[in-house]
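*Asks:* Before anything else, here's the structure in question.
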Amino acid sequence: MGKFKPVKPKTIGRGAQKCQRCGSRDAVIQKYNLYLCRQCFREIAYTMGFKKYS
């Protein structure tokens, strides 16, 4: 019999999605169903076919 309510999983907002690669919850890119944080995206974007235009 706990004193506090159990924590509900977050379903909406910034921390709802996790990076599929590292599990981070901040700065997750959802466009094109990527679900990668920006750091992981920068590491593997070129291998996925994205090109950088200057």
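In the structure tokens, the first chain shown is A, the next is B, and so on; residue numbers restart at 1 for each chain, and ligands run from 1 in the order shown.
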Using DSSP on the backbone coordinates, identify the residues of chain A assigned to strand (DSSP E or B); present them as a compact mmCIF listing (two decimals) with N, CA and C atoms, in the first residue's frame.

*Replies:*
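Contents of result.txt, as written:
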# COMPACT_ATOMS: atom_id res chain seq x y z
N VAL A 28 13.78 14.31 -30.38
CA VAL A 28 13.50 13.16 -31.22
C VAL A 28 12.88 13.63 -32.53
N ILE A 29 13.43 13.19 -33.66
CA ILE A 29 12.93 13.54 -34.99
C ILE A 29 11.89 12.49 -35.38
N LEU A 36 14.44 9.10 -34.23
CA LEU A 36 15.84 9.14 -33.81
C LEU A 36 16.10 10.48 -33.16
N CYS A 37 16.95 10.51 -32.14
CA CYS A 37 17.34 11.81 -31.59
C CYS A 37 18.27 12.48 -32.59

*Asks:* Counting only C-alpha atoms, which residue out of A:Arg42, A:Lys10, A:Lys5, A:Lys52 sits closest to Arg25 of chain A?

*Replies:*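 Between A:Arg42, A:Lys10, A:Lys5, A:Lys52, the residue approaching Arg25 of chain A most closely is A:Lys10.
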
*Asks:* Kindly indicate which residue among A:Phe4, A:Leu34, A:Ser54, A:Met48 lies nearest to Arg21 of chain A, using only C-alpha atoms for the distances.

*Replies:* A:Leu34

*Asks:* Applying 9 Å and only C-alpha atoms, which residues near Asp26 of chain A remain after dropping the ones on its own chain fewer than 2 positions away? List them as a ChimeraX atom specification.

*Replies:* /A:14-15,17-19,24,28,37-38

*Asks:* Write the residues of the preceding selection, restricted to N, CA, C and O atoms, as a PDB file, in the first residue's frame.

*Replies:*
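Written out: again_21.pdb:
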ATOM      1  N   ARG A  14       6.608  16.282 -25.366  1.00  0.00           N
ATOM      2  CA  ARG A  14       7.992  16.130 -25.844  1.00  0.00           C
ATOM      3  C   ARG A  14       8.646  14.830 -25.398  1.00  0.00           C
ATOM      4  O   ARG A  14       9.430  14.238 -26.111  1.00  0.00           O
ATOM      5  N   GLY A  15       8.384  14.352 -24.220  1.00  0.00           N
ATOM      6  CA  GLY A  15       9.062  13.165 -23.706  1.00  0.00           C
ATOM      7  C   GLY A  15       8.346  11.868 -23.977  1.00  0.00           C
ATOM      8  O   GLY A  15       8.683  10.837 -23.403  1.00  0.00           O
ATOM      9  N   GLN A  17       8.061  10.185 -26.982  1.00  0.00           N
ATOM     10  CA  GLN A  17       8.753   9.308 -27.918  1.00  0.00           C
ATOM     11  C   GLN A  17      10.199   9.107 -27.472  1.00  0.00           C
ATOM     12  O   GLN A  17      10.825  10.013 -26.948  1.00  0.00           O
ATOM     13  N   LYS A  18      10.715   7.918 -27.741  1.00  0.00           N
ATOM     14  CA  LYS A  18      12.113   7.613 -27.443  1.00  0.00           C
ATOM     15  C   LYS A  18      12.864   7.406 -28.747  1.00  0.00           C
ATOM     16  O   LYS A  18      12.302   6.958 -29.742  1.00  0.00           O
ATOM     17  N   CYS A  19      14.152   7.704 -28.702  1.00  0.00           N
ATOM     18  CA  CYS A  19      15.025   7.390 -29.831  1.00  0.00           C
ATOM     19  C   CYS A  19      15.141   5.877 -29.926  1.00  0.00           C
ATOM     20  O   CYS A  19      15.374   5.196 -28.925  1.00  0.00           O
ATOM     21  N   SER A  24      17.162   7.962 -25.859  1.00  0.00           N
ATOM     22  CA  SER A  24      17.019   9.323 -25.362  1.00  0.00           C
ATOM     23  C   SER A  24      15.616   9.840 -25.654  1.00  0.00           C
ATOM     24  O   SER A  24      14.995   9.466 -26.643  1.00  0.00           O
ATOM     25  N   VAL A  28      13.783  14.314 -30.378  1.00  0.00           N
ATOM     26  CA  VAL A  28      13.500  13.157 -31.224  1.00  0.00           C
ATOM     27  C   VAL A  28      12.876  13.631 -32.534  1.00  0.00           C
ATOM     28  O   VAL A  28      11.912  14.383 -32.540  1.00  0.00           O
ATOM     29  N   CYS A  37      16.950  10.511 -32.140  1.00  0.00           N
ATOM     30  CA  CYS A  37      17.341  11.806 -31.591  1.00  0.00           C
ATOM     31  C   CYS A  37      18.272  12.478 -32.589  1.00  0.00           C
ATOM     32  O   CYS A  37      18.813  11.834 -33.489  1.00  0.00           O
ATOM     33  N   ARG A  38      18.461  13.756 -32.449  1.00  0.00           N
ATOM     34  CA  ARG A  38      19.221  14.500 -33.450  1.00  0.00           C
ATOM     35  C   ARG A  38      20.675  14.051 -33.503  1.00  0.00           C
ATOM     36  O   ARG A  38      21.299  14.074 -34.562  1.00  0.00           O
TER      37      ARG A  38
END

*Asks:* For Phe50 of chain A, list every protein, DNA or RNA residue within 12 Å, evaluated using only C-alpha atoms, and leave out those in the same chain fewer than 5 positions away; present the list as a list in words.

*Replies:* Tyr32, Phe41, Arg42, Glu43, Ile44 and Ala45 of chain A

*Asks:* Suppose we keep N, CA, C and O atoms; can you now write the selection as a tab-separated table (two decimals), in the first residue's frame?

*Replies:*
chain	number	residue	atom	x	y	z
A	32	TYR	N	9.07	11.43	-41.24
A	32	TYR	CA	9.32	10.22	-42.02
A	32	TYR	C	9.41	8.98	-41.13
A	32	TYR	O	10.06	8.00	-41.48
A	41	PHE	N	20.74	10.82	-35.47
A	41	PHE	CA	20.42	11.11	-36.86
A	41	PHE	C	21.63	11.64	-37.60
A	41	PHE	O	21.91	11.24	-38.71
A	42	ARG	N	22.39	12.53	-36.97
A	42	ARG	CA	23.57	13.10	-37.63
A	42	ARG	C	24.62	12.04	-37.88
A	42	ARG	O	25.38	12.12	-38.85
A	43	GLU	N	24.68	11.03	-37.02
A	43	GLU	CA	25.69	9.98	-37.20
A	43	GLU	C	25.35	9.05	-38.37
A	43	GLU	O	26.24	8.60	-39.08
A	44	ILE	N	24.07	8.75	-38.57
A	44	ILE	CA	23.71	7.74	-39.56
A	44	ILE	C	22.90	8.28	-40.74
A	44	ILE	O	22.46	7.49	-41.57
A	45	ALA	N	22.72	9.59	-40.83
A	45	ALA	CA	21.88	10.15	-41.89
A	45	ALA	C	22.42	9.85	-43.28
A	45	ALA	O	21.66	9.53	-44.19

*Asks:* Separation of atom CA of Gly23 of chain A and atom CA of Gly49 of chain A, in Å?

*Replies:*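 Computing the Euclidean distance for atom CA of Gly23 of chain A and atom CA of Gly49 of chain A yields 22.5 Å.
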
*Asks:* Atom CA of Cys22 of chain A and atom CA of Tyr53 of chain A are how many Å apart?

*Replies:* 26.4 Å

*Asks:* Going by DSSP on the backbone, which residues of chain A come out as helix (DSSP H, G or I)? List them as a list of chain:residue names.

*Replies:*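 Helix (DSSP H, G or I) assignments inside chain A correspond to A:Lys31, A:Tyr32, A:Asn33, A:Arg38, A:Gln39, A:Cys40, A:Phe41, A:Arg42, A:Glu43, A:Ile44, A:Ala45, A:Tyr46, A:Thr47, A:Met48.
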
*Asks:* Using only N, CA and C atoms, please write the residues we just selected to a file, as a compact mmCIF listing (two decimals), in the first residue's frame.

*Replies:*
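Once written, part_15.txt looks like this:
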# COMPACT_ATOMS: atom_id res chain seq x y z
N LYS A 31 9.72 13.00 -38.11
CA LYS A 31 9.38 13.10 -39.52
C LYS A 31 9.86 11.87 -40.27
N TYR A 32 9.07 11.43 -41.24
CA TYR A 32 9.32 10.22 -42.02
C TYR A 32 9.41 8.98 -41.13
N ASN A 33 8.78 9.01 -39.97
CA ASN A 33 8.79 7.90 -39.01
C ASN A 33 10.21 7.47 -38.63
N ARG A 38 18.46 13.76 -32.45
CA ARG A 38 19.22 14.50 -33.45
C ARG A 38 20.67 14.05 -33.50
N GLN A 39 21.24 13.62 -32.38
CA GLN A 39 22.63 13.17 -32.38
C GLN A 39 22.78 11.88 -33.18
N CYS A 40 21.87 10.93 -32.96
CA CYS A 40 21.94 9.67 -33.70
C CYS A 40 21.66 9.91 -35.18
N PHE A 41 20.74 10.82 -35.47
CA PHE A 41 20.42 11.11 -36.86
C PHE A 41 21.63 11.64 -37.60
N ARG A 42 22.39 12.53 -36.97
CA ARG A 42 23.57 13.10 -37.63
C ARG A 42 24.62 12.04 -37.88
N GLU A 43 24.68 11.03 -37.02
CA GLU A 43 25.69 9.98 -37.20
C GLU A 43 25.35 9.05 -38.37
N ILE A 44 24.07 8.75 -38.57
CA ILE A 44 23.71 7.74 -39.56
C ILE A 44 22.90 8.28 -40.74
N ALA A 45 22.72 9.59 -40.83
CA ALA A 45 21.88 10.15 -41.89
C ALA A 45 22.42 9.85 -43.28
N TYR A 46 23.73 9.92 -43.45
CA TYR A 46 24.31 9.71 -44.78
C TYR A 46 24.11 8.27 -45.23
N THR A 47 24.22 7.33 -44.32
CA THR A 47 24.03 5.92 -44.69
C THR A 47 22.57 5.61 -45.00
N MET A 48 21.65 6.43 -44.46
CA MET A 48 20.23 6.26 -44.74
C MET A 48 19.82 6.89 -46.06
